[in-house]
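Student: Quick one: the structure is below, and I'll ask about it shortly.
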Amino acid sequence: IIAPHTDSEDASRLELPLGLYLDSVNDRLYAVNTGQNTPAVLIYENASTLNGGPVPDRVVAGLNTQLTVPAGIDVDVATNRVFIVNNNSPNNVNASGGANTDSPSILVFNDINITCTAALCNVNPSRRIGGDVSTESATTLSNPLGIAFDPVRDITYVANTGGNNVLLYSLEGNLAPLKVNTGANTSLFVPSSFFYDTVLDRLYVANASTGSSPAPFSVYDQVSNQAFGSAAVPSNLAPSWKLAAASNFEKPRGIYMDKTRNLMIFLDGKTGSGFGLFIYDLTSGFQDATIPPFPPTFAPIAFPVHDAIGPTGKTLAPPTFQRSSTTGLSAGGPTGLAVDEARGLIYVSEKNTNSVVVCDYATTTALIR
């Protein structure tokens with residue numbers, strides 16, 4: 001368990017960590033710090049070896065960074081770019097402008113591992129969508145929580161929790177989203193995080209509040225080619241398929257598809273019993289570009305109860321439950337998931353204990369350290 005260190009440097013302490021990203025190539029962990037009035041991104045080198053209360057190697061924090069309530073993070077390792085969403089309300093947009101405006105925004109830091117070499121880096125973002133003046137409200141950002149970047153198609157997907165929708169952007173300035181999909185048909189309800197399969201062009205969306213939602217997860221096949229509407233005329237398209245509400249995942253906070261080991265990994269942040277990490281053995285439908293998709297009248301899939309039969313007659317067998325773990329986690333505590341597929345490590349941000357729990361899932365039994 002990576003816990004808060006005991007030094008007096010507040011900016012480098014883990015306080016209410018939400019988003020995580022694991023750069024497995026460089027063994028580098030990015031943790032988004034939201035609490036203690038010190039919004040920051042903590043960067044840990046040699047992440048797979050860490051334990052106890054280590055001081056992060058670098059901290060991105062300060063007024064210049066424009067980090068206010070950072071929540072979601074994605075990193076394009078090849079181009080050394082970091083993407084952050086500020087989880088603010090659109091009501092906070094300040095017409096007078098200013099870098100310290102508490103408004104929802106997407107921040108992009110280019111060459112972060114070149115520009116940030118000191119222990120504390122108060123650097124300006126290279127690019128921003130939204131966040132300064134009321135005229136930028138066209139972004140339609142409202143308490144965004146999750147973000148995923150497709151480097152091949154230069155598309156950024158944002159889980160817009162306040163709007164119960166998914167927004168697609170091209171990062172060319174403070175623009176309205178390229179596409180918007182919103183409405184009852186989408187099965188989106190407080191979307192919080194993504195897993196994007198670049199090979200299959202398949203987007204998995206975790207719905208963090210499923211009390212009245214029909215699906216803990218909504219899945220879009222060939223997502224870059226979906227006929228989503230514009231910001232002016234949004235679409236209300238159903239997902240290609242979804243996890244049924246009967247799956248008993250009540251507050252999904254993360255999903256990951258490990259194709260090396262043929263595993264599906266879920267994180268549930270439920271406030272009562274049923275929280276934790278859940279691992280399933282994959283079936284062929286989750287690794288094949290043609291199984292699904294189903295037609296637009298999608299088929300729900302419940303784990304691990306039964307198979308789902310799509311309108312075309314294709315059957316997508318649900319994954320088989322393998323194991324679960326709650327060690328180091330608490331009810332309502334899990335907030336974010338990152339996976340080092342190469343080393344077989346899972347990183348979970350835990351807000352109740354202000355820590356990051358590391359799970360070695362490559363072994364037959366989940367080992368927490």
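Naming scheme: A, B, ... for chains in displayed order of the structure tokens; residues 1 onward per chain; ligands 1 onward as shown.
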Please provide as a list in words all residues within 9 Å of Arg343 (chain A), with the sequence filter that same-chain residues fewer than 3 positions apart are discarded (counting only C-alpha atoms).

Tutor: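 Here the answer would be Ser24, Ser48, Val339, Asp340, Asp360 and Ala362 of chain A.
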
Student: Would you mind exporting all heavy atoms of the selected residues as a JSON list (two decimals), in the first residue's frame?

Tutor:
[["chain", "number", "residue", "atom", "x", "y", "z"],
["A", 24, "SER", "N", 3.32, 1.71, -17.74],
["A", 24, "SER", "CA", 4.04, 0.47, -17.47],
["A", 24, "SER", "C", 5.39, 0.42, -18.19],
["A", 24, "SER", "O", 6.30, -0.26, -17.74],
["A", 24, "SER", "CB", 3.19, -0.73, -17.87],
["A", 24, "SER", "OG", 2.89, -0.71, -19.25],
["A", 48, "SER", "N", 6.43, -0.01, -9.33],
["A", 48, "SER", "CA", 6.21, -1.40, -8.96],
["A", 48, "SER", "C", 6.99, -1.82, -7.73],
["A", 48, "SER", "O", 6.72, -2.87, -7.14],
["A", 48, "SER", "CB", 6.57, -2.32, -10.14],
["A", 48, "SER", "OG", 7.95, -2.21, -10.45],
["A", 339, "VAL", "N", -3.79, -0.20, -14.33],
["A", 339, "VAL", "CA", -3.26, -1.56, -14.43],
["A", 339, "VAL", "C", -1.93, -1.56, -15.17],
["A", 339, "VAL", "O", -1.80, -0.95, -16.24],
["A", 339, "VAL", "CB", -4.27, -2.49, -15.14],
["A", 339, "VAL", "CG1", -3.68, -3.90, -15.29],
["A", 339, "VAL", "CG2", -5.59, -2.54, -14.38],
["A", 340, "ASP", "N", -0.95, -2.22, -14.59],
["A", 340, "ASP", "CA", 0.33, -2.49, -15.25],
["A", 340, "ASP", "C", 0.25, -3.91, -15.78],
["A", 340, "ASP", "O", 0.55, -4.88, -15.07],
["A", 340, "ASP", "CB", 1.47, -2.34, -14.25],
["A", 340, "ASP", "CG", 2.84, -2.50, -14.89],
["A", 340, "ASP", "OD1", 2.91, -3.02, -16.02],
["A", 340, "ASP", "OD2", 3.84, -2.13, -14.24],
["A", 360, "ASP", "N", -0.98, -7.57, -6.72],
["A", 360, "ASP", "CA", -0.26, -8.43, -7.66],
["A", 360, "ASP", "C", -1.23, -9.50, -8.12],
["A", 360, "ASP", "O", -1.41, -10.52, -7.48],
["A", 360, "ASP", "CB", 0.96, -9.04, -6.97],
["A", 360, "ASP", "CG", 1.75, -9.94, -7.91],
["A", 360, "ASP", "OD1", 1.32, -10.13, -9.06],
["A", 360, "ASP", "OD2", 2.80, -10.45, -7.48],
["A", 362, "ALA", "N", -1.04, -11.20, -10.99],
["A", 362, "ALA", "CA", -0.44, -12.19, -11.89],
["A", 362, "ALA", "C", -0.28, -13.53, -11.19],
["A", 362, "ALA", "O", -0.15, -14.56, -11.83],
["A", 362, "ALA", "CB", 0.91, -11.69, -12.38]]

Student: Could you name the residues that touch Pro234 (chain A) at 9 Å or less, counting only C-alpha atoms, but leaving out those on the same chain fewer than 3 positions away, as a count of residues only?

Tutor: 9

Student: I'd like to know which of A:Asn33, A:Ser349, A:Thr327, A:Gln226 is closest to Val69 (chain A), using only C-alpha atoms.

Tutor: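 Ranked by minimum distance to Val69 (chain A), first place goes to A:Asn33.
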
Student: So how many Å separate CA of Phe83 (chain A) and CA of Asn164 (chain A), to one decimal?

Tutor: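 Separating CA of Phe83 (chain A) from CA of Asn164 (chain A) is a distance of 20.7 Å.
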
Student: From the options A:Ser330, A:Thr117, A:Ser193, A:Thr363, which residue's atoms come nearest to Ile346 (chain A), counting only C-alpha atoms?

Tutor: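 Ranking A:Ser330, A:Thr117, A:Ser193, A:Thr363 by distance to Ile346 (chain A), first place goes to A:Thr363.
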
Student: Which polymer residues have any atom within 6 Å of an atom of region 252-255 of chain A, counting only C-alpha atoms, with same-chain residues fewer than 6 positions away left out, as a PyMOL selection string?

Tutor: chain A and resi 193+206+208+265-268+335-337

Student: Would you save the residues of that selection, restricted to all heavy atoms, as a tab-separated table (two decimals), in the first residue's frame?

Tutor:
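Final file, out.tsv:
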chain	number	residue	atom	x	y	z
A	193	SER	N	-15.65	6.70	-15.63
A	193	SER	CA	-14.35	6.29	-16.14
A	193	SER	C	-14.52	5.46	-17.41
A	193	SER	O	-15.61	5.00	-17.73
A	193	SER	CB	-13.57	5.48	-15.08
A	193	SER	OG	-14.25	4.29	-14.76
A	206	ALA	N	-17.93	3.27	-17.49
A	206	ALA	CA	-18.41	2.87	-16.17
A	206	ALA	C	-19.39	3.93	-15.66
A	206	ALA	O	-19.09	5.12	-15.67
A	206	ALA	CB	-17.25	2.74	-15.19
A	208	ALA	N	-21.04	5.35	-12.52
A	208	ALA	CA	-20.72	5.29	-11.09
A	208	ALA	C	-21.94	5.30	-10.19
A	208	ALA	O	-21.83	5.02	-9.01
A	208	ALA	CB	-19.80	6.44	-10.70
A	265	ILE	N	-11.11	-6.90	-15.49
A	265	ILE	CA	-10.94	-6.42	-14.12
A	265	ILE	C	-11.93	-5.29	-13.86
A	265	ILE	O	-11.98	-4.31	-14.61
A	265	ILE	CB	-9.50	-5.92	-13.89
A	265	ILE	CG1	-8.50	-7.05	-14.18
A	265	ILE	CG2	-9.31	-5.40	-12.48
A	265	ILE	CD1	-7.06	-6.59	-14.29
A	266	PHE	N	-12.72	-5.43	-12.80
A	266	PHE	CA	-13.68	-4.41	-12.39
A	266	PHE	C	-13.30	-3.86	-11.03
A	266	PHE	O	-12.79	-4.58	-10.17
A	266	PHE	CB	-15.10	-5.00	-12.25
A	266	PHE	CG	-15.74	-5.38	-13.55
A	266	PHE	CD1	-16.48	-6.55	-13.64
A	266	PHE	CD2	-15.63	-4.57	-14.65
A	266	PHE	CE1	-17.09	-6.91	-14.82
A	266	PHE	CE2	-16.24	-4.92	-15.84
A	266	PHE	CZ	-16.97	-6.09	-15.93
A	267	LEU	N	-13.60	-2.58	-10.81
A	267	LEU	CA	-13.47	-1.98	-9.49
A	267	LEU	C	-14.83	-1.42	-9.09
A	267	LEU	O	-15.43	-0.65	-9.84
A	267	LEU	CB	-12.44	-0.85	-9.50
A	267	LEU	CG	-12.27	-0.08	-8.18
A	267	LEU	CD1	-11.69	-1.00	-7.11
A	267	LEU	CD2	-11.38	1.15	-8.38
A	268	ASP	N	-15.33	-1.85	-7.93
A	268	ASP	CA	-16.62	-1.37	-7.43
A	268	ASP	C	-16.39	-0.57	-6.15
A	268	ASP	O	-15.78	-1.07	-5.20
A	268	ASP	CB	-17.56	-2.55	-7.14
A	268	ASP	CG	-19.02	-2.13	-7.05
A	268	ASP	OD1	-19.27	-1.03	-6.54
A	268	ASP	OD2	-19.89	-2.90	-7.48
A	335	THR	N	-11.70	4.65	-5.69
A	335	THR	CA	-12.10	5.74	-6.59
A	335	THR	C	-11.51	5.62	-7.99
A	335	THR	O	-12.08	6.16	-8.94
A	335	THR	CB	-11.68	7.09	-6.01
A	335	THR	OG1	-10.28	7.08	-5.74
A	335	THR	CG2	-12.43	7.39	-4.72
A	336	GLY	N	-10.37	4.97	-8.15
A	336	GLY	CA	-9.73	4.92	-9.46
A	336	GLY	C	-8.91	3.66	-9.64
A	336	GLY	O	-8.47	3.04	-8.67
A	337	LEU	N	-8.72	3.28	-10.91
A	337	LEU	CA	-8.05	2.02	-11.25
A	337	LEU	C	-7.02	2.26	-12.34
A	337	LEU	O	-7.27	2.96	-13.32
A	337	LEU	CB	-9.11	1.02	-11.75
A	337	LEU	CG	-8.62	-0.31	-12.33
A	337	LEU	CD1	-8.12	-1.21	-11.21
A	337	LEU	CD2	-9.75	-1.00	-13.08

Student: Hey, which of A:Thr68, A:Tyr204, A:Leu120, A:Asp23 ends up closest to Val55 (chain A)? Count only C-alpha atoms.

Tutor: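 Smallest separation from Val55 (chain A) among the options: A:Leu120.
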
Student: Need the shell around region 275-279 of chain A: protein/DNA/RNA residues with any atom at most 8 Å away, counting only C-alpha atoms. Skip same-chain ones fewer than 6 positions apart. Format as JSON, numbers by chain?

Tutor: {"A": [263, 264, 265, 266, 267, 268, 269, 321, 322, 323, 324, 325, 326, 329, 330, 331, 332, 334]}

Student: Output N, CA, C and O atoms of each residue in that selection to a file, as a PDB file, in the first residue's frame.

Tutor:
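The resulting file, out26.pdb, is reproduced below:
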ATOM      1  N   LEU A 263      -8.165 -11.558 -19.065  1.00  0.00           N
ATOM      2  CA  LEU A 263      -8.901 -11.217 -17.854  1.00  0.00           C
ATOM      3  C   LEU A 263      -9.643  -9.902 -18.025  1.00  0.00           C
ATOM      4  O   LEU A 263      -9.186  -8.997 -18.727  1.00  0.00           O
ATOM      5  N   MET A 264     -10.776  -9.806 -17.354  1.00  0.00           N
ATOM      6  CA  MET A 264     -11.522  -8.560 -17.228  1.00  0.00           C
ATOM      7  C   MET A 264     -11.491  -8.152 -15.757  1.00  0.00           C
ATOM      8  O   MET A 264     -11.804  -8.949 -14.878  1.00  0.00           O
ATOM      9  N   ILE A 265     -11.107  -6.898 -15.494  1.00  0.00           N
ATOM     10  CA  ILE A 265     -10.941  -6.419 -14.116  1.00  0.00           C
ATOM     11  C   ILE A 265     -11.930  -5.291 -13.856  1.00  0.00           C
ATOM     12  O   ILE A 265     -11.978  -4.311 -14.608  1.00  0.00           O
ATOM     13  N   PHE A 266     -12.721  -5.430 -12.798  1.00  0.00           N
ATOM     14  CA  PHE A 266     -13.685  -4.409 -12.391  1.00  0.00           C
ATOM     15  C   PHE A 266     -13.299  -3.862 -11.030  1.00  0.00           C
ATOM     16  O   PHE A 266     -12.787  -4.577 -10.169  1.00  0.00           O
ATOM     17  N   LEU A 267     -13.596  -2.584 -10.808  1.00  0.00           N
ATOM     18  CA  LEU A 267     -13.474  -1.979  -9.485  1.00  0.00           C
ATOM     19  C   LEU A 267     -14.832  -1.423  -9.092  1.00  0.00           C
ATOM     20  O   LEU A 267     -15.434  -0.650  -9.836  1.00  0.00           O
ATOM     21  N   ASP A 268     -15.328  -1.849  -7.927  1.00  0.00           N
ATOM     22  CA  ASP A 268     -16.617  -1.371  -7.427  1.00  0.00           C
ATOM     23  C   ASP A 268     -16.387  -0.573  -6.146  1.00  0.00           C
ATOM     24  O   ASP A 268     -15.785  -1.068  -5.196  1.00  0.00           O
ATOM     25  N   GLY A 269     -16.867   0.683  -6.139  1.00  0.00           N
ATOM     26  CA  GLY A 269     -16.707   1.549  -4.979  1.00  0.00           C
ATOM     27  C   GLY A 269     -17.948   1.637  -4.121  1.00  0.00           C
ATOM     28  O   GLY A 269     -18.187   2.654  -3.467  1.00  0.00           O
ATOM     29  N   PHE A 321     -16.429 -15.750 -13.403  1.00  0.00           N
ATOM     30  CA  PHE A 321     -15.825 -15.150 -12.212  1.00  0.00           C
ATOM     31  C   PHE A 321     -14.621 -15.962 -11.775  1.00  0.00           C
ATOM     32  O   PHE A 321     -14.666 -17.184 -11.690  1.00  0.00           O
ATOM     33  N   GLN A 322     -13.513 -15.260 -11.506  1.00  0.00           N
ATOM     34  CA  GLN A 322     -12.288 -15.941 -11.089  1.00  0.00           C
ATOM     35  C   GLN A 322     -11.967 -15.691  -9.617  1.00  0.00           C
ATOM     36  O   GLN A 322     -11.834 -16.622  -8.831  1.00  0.00           O
ATOM     37  N   ARG A 323     -11.869 -14.433  -9.223  1.00  0.00           N
ATOM     38  CA  ARG A 323     -11.570 -14.123  -7.830  1.00  0.00           C
ATOM     39  C   ARG A 323     -11.842 -12.646  -7.567  1.00  0.00           C
ATOM     40  O   ARG A 323     -12.052 -11.859  -8.487  1.00  0.00           O
ATOM     41  N   SER A 324     -11.831 -12.296  -6.274  1.00  0.00           N
ATOM     42  CA  SER A 324     -12.035 -10.906  -5.887  1.00  0.00           C
ATOM     43  C   SER A 324     -11.143 -10.588  -4.698  1.00  0.00           C
ATOM     44  O   SER A 324     -10.589 -11.486  -4.052  1.00  0.00           O
ATOM     45  N   SER A 325     -11.005  -9.297  -4.391  1.00  0.00           N
ATOM     46  CA  SER A 325     -10.190  -8.882  -3.261  1.00  0.00           C
ATOM     47  C   SER A 325     -10.732  -7.586  -2.681  1.00  0.00           C
ATOM     48  O   SER A 325     -11.119  -6.677  -3.425  1.00  0.00           O
ATOM     49  N   THR A 326     -10.768  -7.511  -1.359  1.00  0.00           N
ATOM     50  CA  THR A 326     -11.109  -6.273  -0.655  1.00  0.00           C
ATOM     51  C   THR A 326      -9.970  -5.837   0.266  1.00  0.00           C
ATOM     52  O   THR A 326     -10.100  -4.831   0.964  1.00  0.00           O
ATOM     53  N   LEU A 329      -8.834  -2.192   1.003  1.00  0.00           N
ATOM     54  CA  LEU A 329      -9.904  -1.330   0.520  1.00  0.00           C
ATOM     55  C   LEU A 329     -10.998  -1.234   1.574  1.00  0.00           C
ATOM     56  O   LEU A 329     -11.109  -2.086   2.455  1.00  0.00           O
ATOM     57  N   SER A 330     -11.820  -0.198   1.466  1.00  0.00           N
ATOM     58  CA  SER A 330     -12.911   0.001   2.411  1.00  0.00           C
ATOM     59  C   SER A 330     -14.182   0.357   1.656  1.00  0.00           C
ATOM     60  O   SER A 330     -14.140   0.789   0.504  1.00  0.00           O
ATOM     61  N   ALA A 331     -15.314   0.195   2.311  1.00  0.00           N
ATOM     62  CA  ALA A 331     -16.598   0.504   1.690  1.00  0.00           C
ATOM     63  C   ALA A 331     -16.648   1.968   1.288  1.00  0.00           C
ATOM     64  O   ALA A 331     -16.394   2.860   2.099  1.00  0.00           O
ATOM     65  N   GLY A 332     -16.939   2.224   0.012  1.00  0.00           N
ATOM     66  CA  GLY A 332     -17.005   3.586  -0.491  1.00  0.00           C
ATOM     67  C   GLY A 332     -15.667   4.230  -0.747  1.00  0.00           C
ATOM     68  O   GLY A 332     -15.603   5.384  -1.165  1.00  0.00           O
ATOM     69  N   PRO A 334     -12.789   2.934  -2.798  1.00  0.00           N
ATOM     70  CA  PRO A 334     -12.125   2.857  -4.104  1.00  0.00           C
ATOM     71  C   PRO A 334     -12.632   3.928  -5.065  1.00  0.00           C
ATOM     72  O   PRO A 334     -13.844   4.098  -5.230  1.00  0.00           O
TER      73      PRO A 334
END

Student: DSSP on the backbone, helix (DSSP H, G or I) only: what residues of region 42-289 of chain A does that give? Format it as a PyMOL selection string.

Tutor: chain A and resi 47-49+63-65+90-92+112-115+134-139+161-163+184-186+223-225+245-247+284-286

Student: For N, CA, C and O atoms, I'd like the residues from the last selection saved as a tab-separated table (two decimals), in the first residue's frame.

Tutor:
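Output (out-v5.tsv):
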chain	number	residue	atom	x	y	z
A	47	ALA	N	7.38	2.60	-9.79
A	47	ALA	CA	6.14	2.39	-9.04
A	47	ALA	C	5.98	0.95	-8.55
A	47	ALA	O	5.45	0.72	-7.46
A	48	SER	N	6.43	-0.01	-9.33
A	48	SER	CA	6.21	-1.40	-8.96
A	48	SER	C	6.99	-1.82	-7.73
A	48	SER	O	6.72	-2.87	-7.14
A	49	THR	N	7.95	-1.00	-7.30
A	49	THR	CA	8.77	-1.34	-6.14
A	49	THR	C	8.33	-0.60	-4.87
A	49	THR	O	8.88	-0.84	-3.80
A	63	LEU	N	-0.65	27.57	-8.62
A	63	LEU	CA	-1.62	28.40	-9.31
A	63	LEU	C	-1.48	28.31	-10.82
A	63	LEU	O	-2.48	28.28	-11.55
A	64	ASN	N	-0.24	28.26	-11.31
A	64	ASN	CA	-0.05	28.24	-12.76
A	64	ASN	C	-0.64	27.00	-13.43
A	64	ASN	O	-1.02	27.04	-14.60
A	65	THR	N	-0.71	25.91	-12.70
A	65	THR	CA	-1.17	24.65	-13.31
A	65	THR	C	-2.65	24.68	-13.66
A	65	THR	O	-3.12	23.91	-14.48
A	90	PRO	N	-20.37	23.78	-13.81
A	90	PRO	CA	-20.37	24.85	-14.82
A	90	PRO	C	-20.85	26.18	-14.24
A	90	PRO	O	-20.63	27.23	-14.84
A	91	ASN	N	-21.48	26.16	-13.07
A	91	ASN	CA	-21.94	27.40	-12.45
A	91	ASN	C	-20.79	28.25	-11.93
A	91	ASN	O	-20.99	29.41	-11.57
A	92	ASN	N	-19.58	27.66	-11.90
A	92	ASN	CA	-18.44	28.39	-11.35
A	92	ASN	C	-17.66	29.19	-12.39
A	92	ASN	O	-16.64	29.79	-12.08
A	112	ILE	N	5.57	16.72	-20.20
A	112	ILE	CA	5.57	16.93	-18.76
A	112	ILE	C	6.82	16.38	-18.10
A	112	ILE	O	7.31	16.93	-17.11
A	113	ASN	N	7.39	15.32	-18.65
A	113	ASN	CA	8.59	14.74	-18.03
A	113	ASN	C	9.87	15.42	-18.48
A	113	ASN	O	10.96	15.03	-18.07
A	114	ILE	N	9.71	16.46	-19.32
A	114	ILE	CA	10.83	17.32	-19.69
A	114	ILE	C	10.72	18.66	-18.98
A	114	ILE	O	11.70	19.18	-18.43
A	115	THR	N	9.50	19.22	-18.97
A	115	THR	CA	9.30	20.53	-18.33
A	115	THR	C	9.26	20.43	-16.82
A	115	THR	O	9.52	21.40	-16.12
A	134	SER	N	-17.10	32.96	-19.47
A	134	SER	CA	-18.43	32.42	-19.70
A	134	SER	C	-18.67	32.09	-21.16
A	134	SER	O	-19.50	31.25	-21.49
A	135	THR	N	-17.98	32.76	-22.08
A	135	THR	CA	-18.17	32.46	-23.49
A	135	THR	C	-17.69	31.06	-23.85
A	135	THR	O	-18.00	30.56	-24.92
A	136	GLU	N	-16.90	30.44	-22.96
A	136	GLU	CA	-16.41	29.10	-23.23
A	136	GLU	C	-17.38	28.03	-22.74
A	136	GLU	O	-17.06	26.85	-22.75
A	137	SER	N	-18.58	28.43	-22.30
A	137	SER	CA	-19.54	27.45	-21.81
A	137	SER	C	-20.02	26.53	-22.91
A	137	SER	O	-20.71	25.55	-22.65
A	138	ALA	N	-19.68	26.84	-24.16
A	138	ALA	CA	-20.05	25.96	-25.28
A	138	ALA	C	-19.42	24.58	-25.14
A	138	ALA	O	-19.85	23.64	-25.80
A	139	THR	N	-18.42	24.45	-24.28
A	139	THR	CA	-17.80	23.14	-24.08
A	139	THR	C	-18.80	22.15	-23.48
A	139	THR	O	-18.61	20.95	-23.60
A	161	THR	N	-20.12	13.75	-15.94
A	161	THR	CA	-21.07	13.22	-14.95
A	161	THR	C	-22.27	14.14	-14.74
A	161	THR	O	-23.39	13.68	-14.55
A	162	GLY	N	-22.05	15.46	-14.77
A	162	GLY	CA	-23.15	16.38	-14.55
A	162	GLY	C	-24.19	16.37	-15.64
A	162	GLY	O	-25.34	16.72	-15.43
A	163	GLY	N	-23.78	15.94	-16.84
A	163	GLY	CA	-24.71	15.89	-17.96
A	163	GLY	C	-25.17	14.50	-18.29
A	163	GLY	O	-25.96	14.31	-19.23
A	184	ALA	N	-31.87	9.16	-22.39
A	184	ALA	CA	-32.24	7.91	-21.72
A	184	ALA	C	-31.74	6.68	-22.45
A	184	ALA	O	-31.39	5.67	-21.83
A	185	ASN	N	-31.69	6.71	-23.77
A	185	ASN	CA	-31.29	5.53	-24.53
A	185	ASN	C	-29.83	5.15	-24.31
A	185	ASN	O	-29.43	4.00	-24.52
A	186	THR	N	-29.01	6.11	-23.91
A	186	THR	CA	-27.56	5.86	-23.78
A	186	THR	C	-27.22	4.94	-22.62
A	186	THR	O	-26.12	4.38	-22.58
A	223	VAL	N	-16.49	2.98	-31.86
A	223	VAL	CA	-17.00	4.21	-31.27
A	223	VAL	C	-16.64	5.45	-32.09
A	223	VAL	O	-17.42	6.41	-32.16
A	224	SER	N	-15.48	5.45	-32.74
A	224	SER	CA	-15.09	6.63	-33.51
A	224	SER	C	-15.97	6.82	-34.74
A	224	SER	O	-16.01	7.91	-35.31
A	225	ASN	N	-16.68	5.76	-35.14
A	225	ASN	CA	-17.55	5.85	-36.32
A	225	ASN	C	-19.03	5.91	-35.95
A	225	ASN	O	-19.89	5.88	-36.84
A	245	ALA	N	-28.28	-4.51	-15.19
A	245	ALA	CA	-28.32	-4.06	-13.79
A	245	ALA	C	-28.24	-5.23	-12.82
A	245	ALA	O	-27.81	-5.08	-11.68
A	246	ALA	N	-28.65	-6.41	-13.28
A	246	ALA	CA	-28.63	-7.60	-12.42
A	246	ALA	C	-27.22	-8.06	-12.09
A	246	ALA	O	-27.04	-9.01	-11.33
A	247	SER	N	-26.22	-7.40	-12.65
A	247	SER	CA	-24.84	-7.81	-12.43
A	247	SER	C	-24.37	-7.52	-11.01
A	247	SER	O	-23.31	-8.00	-10.60
A	284	SER	N	-14.31	-15.10	-25.95
A	284	SER	CA	-13.87	-14.59	-27.25
A	284	SER	C	-14.59	-13.33	-27.68
A	284	SER	O	-14.02	-12.50	-28.40
A	285	GLY	N	-15.83	-13.13	-27.25
A	285	GLY	CA	-16.57	-11.97	-27.69
A	285	GLY	C	-15.96	-10.65	-27.29
A	285	GLY	O	-16.21	-9.62	-27.92
A	286	PHE	N	-15.14	-10.66	-26.25
A	286	PHE	CA	-14.55	-9.42	-25.79
A	286	PHE	C	-13.22	-9.13	-26.49
A	286	PHE	O	-12.61	-8.10	-26.25

Student: For Asn80 (chain A), which residue among A:Val59, A:Leu141, A:Leu50, A:Val108 is the nearest when counting only C-alpha atoms?

Tutor: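 Going through A:Val59, A:Leu141, A:Leu50, A:Val108 one by one, the smallest distance to Asn80 (chain A) is for A:Val108.
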
Student: May I have the residues within 6 Å of Lys351 (chain A) as a PyMOL selection string, using only C-alpha atoms and disregarding those fewer than 2 positions away in the same chain?

Tutor: chain A and resi 16-17+333+353-354

Student: Grab the CA of Leu42 (chain A) to CA of Asp150 (chain A) distance for me, in Å with one decimal place.

Tutor: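 Between CA of Leu42 (chain A) and CA of Asp150 (chain A) the gap works out to 23.3 Å.
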
Student: Taking the DSSP assignment computed from this structure's backbone, write out as a compact mmCIF listing (two decimals) with C-alpha atoms, in the first residue's frame all residues of region 36-251 of chain A that belong to strand (DSSP E).

Tutor:
# COMPACT_ATOMS: atom_id res chain seq x y z
CA ALA A 40 -1.93 18.22 -7.65
CA VAL A 41 -0.60 15.40 -9.80
CA LEU A 42 1.88 13.23 -7.92
CA ILE A 43 4.43 11.34 -10.04
CA TYR A 44 6.14 8.24 -8.65
CA GLU A 45 9.06 6.57 -10.43
CA ARG A 58 7.74 15.08 -8.68
CA VAL A 59 4.60 17.08 -7.92
CA VAL A 60 2.69 19.17 -10.44
CA ALA A 61 0.89 21.79 -8.34
CA PRO A 70 -8.55 17.41 -10.72
CA ALA A 71 -10.20 14.02 -11.03
CA GLY A 72 -9.60 12.04 -14.23
CA ILE A 73 -6.26 11.52 -15.93
CA ASP A 74 -4.94 9.91 -19.09
CA VAL A 75 -1.41 9.92 -20.46
CA ASP A 76 -0.20 9.55 -24.03
CA ARG A 81 1.30 14.36 -22.87
CA VAL A 82 -0.85 14.36 -19.73
CA PHE A 83 -4.62 14.99 -19.90
CA ILE A 84 -6.51 16.12 -16.77
CA VAL A 85 -10.17 16.98 -16.17
CA ASN A 86 -11.19 19.45 -13.46
CA SER A 105 -11.99 22.19 -17.88
CA ILE A 106 -9.67 19.83 -19.71
CA LEU A 107 -5.98 20.57 -19.20
CA VAL A 108 -3.19 19.22 -21.41
CA PHE A 109 0.45 19.27 -20.29
CA ASN A 110 2.91 18.63 -23.12
CA LEU A 120 7.65 20.79 -7.28
CA CYS A 121 6.53 22.01 -10.71
CA ARG A 127 -3.68 23.67 -23.74
CA ARG A 128 -7.07 24.07 -22.11
CA ILE A 129 -10.67 23.44 -23.10
CA PRO A 144 -16.33 15.86 -15.75
CA LEU A 145 -14.78 12.87 -14.02
CA GLY A 146 -13.15 10.52 -16.55
CA ILE A 147 -11.04 11.06 -19.66
CA ALA A 148 -9.59 8.82 -22.39
CA PHE A 149 -7.44 9.89 -25.34
CA ASP A 150 -7.32 8.11 -28.70
CA ILE A 155 -10.12 12.23 -30.19
CA THR A 156 -10.60 12.85 -26.47
CA TYR A 157 -13.52 11.17 -24.69
CA VAL A 158 -14.82 12.83 -21.51
CA ALA A 159 -17.17 11.23 -18.97
CA ASN A 160 -19.39 14.22 -18.22
CA ASN A 165 -23.30 11.99 -21.25
CA VAL A 166 -20.06 11.33 -23.09
CA LEU A 167 -18.42 14.24 -24.92
CA LEU A 168 -15.92 13.89 -27.76
CA TYR A 169 -13.35 16.64 -28.42
CA LYS A 179 -19.93 15.02 -30.73
CA VAL A 180 -22.41 14.57 -27.89
CA ASN A 181 -24.42 11.48 -26.98
CA THR A 182 -26.94 12.03 -24.20
CA PRO A 191 -20.36 8.16 -16.17
CA SER A 192 -17.09 8.13 -14.28
CA SER A 193 -14.35 6.29 -16.14
CA PHE A 194 -13.39 4.58 -19.40
CA PHE A 195 -11.45 1.76 -20.87
CA TYR A 196 -10.67 2.30 -24.54
CA ASP A 197 -9.64 -0.70 -26.64
CA ARG A 202 -14.35 -0.16 -28.45
CA LEU A 203 -15.19 2.17 -25.54
CA TYR A 204 -16.25 0.82 -22.14
CA VAL A 205 -17.99 3.41 -19.93
CA ALA A 206 -18.41 2.87 -16.17
CA ASN A 207 -21.59 4.37 -14.67
CA PHE A 217 -21.28 -0.42 -17.92
CA SER A 218 -22.22 0.84 -21.38
CA VAL A 219 -20.10 -0.36 -24.31
CA TYR A 220 -19.77 1.23 -27.76
CA TRP A 241 -24.27 -3.65 -25.60
CA LYS A 242 -24.17 -3.26 -21.85
CA LEU A 243 -23.84 -5.00 -18.53

Student: Which of these, A:Val356, A:Ala227, A:Cys116, A:Val199, has the shortest distance to Pro54 (chain A) once you count only C-alpha atoms?

Tutor: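 Smallest distance to Pro54 (chain A) is found for A:Val356.
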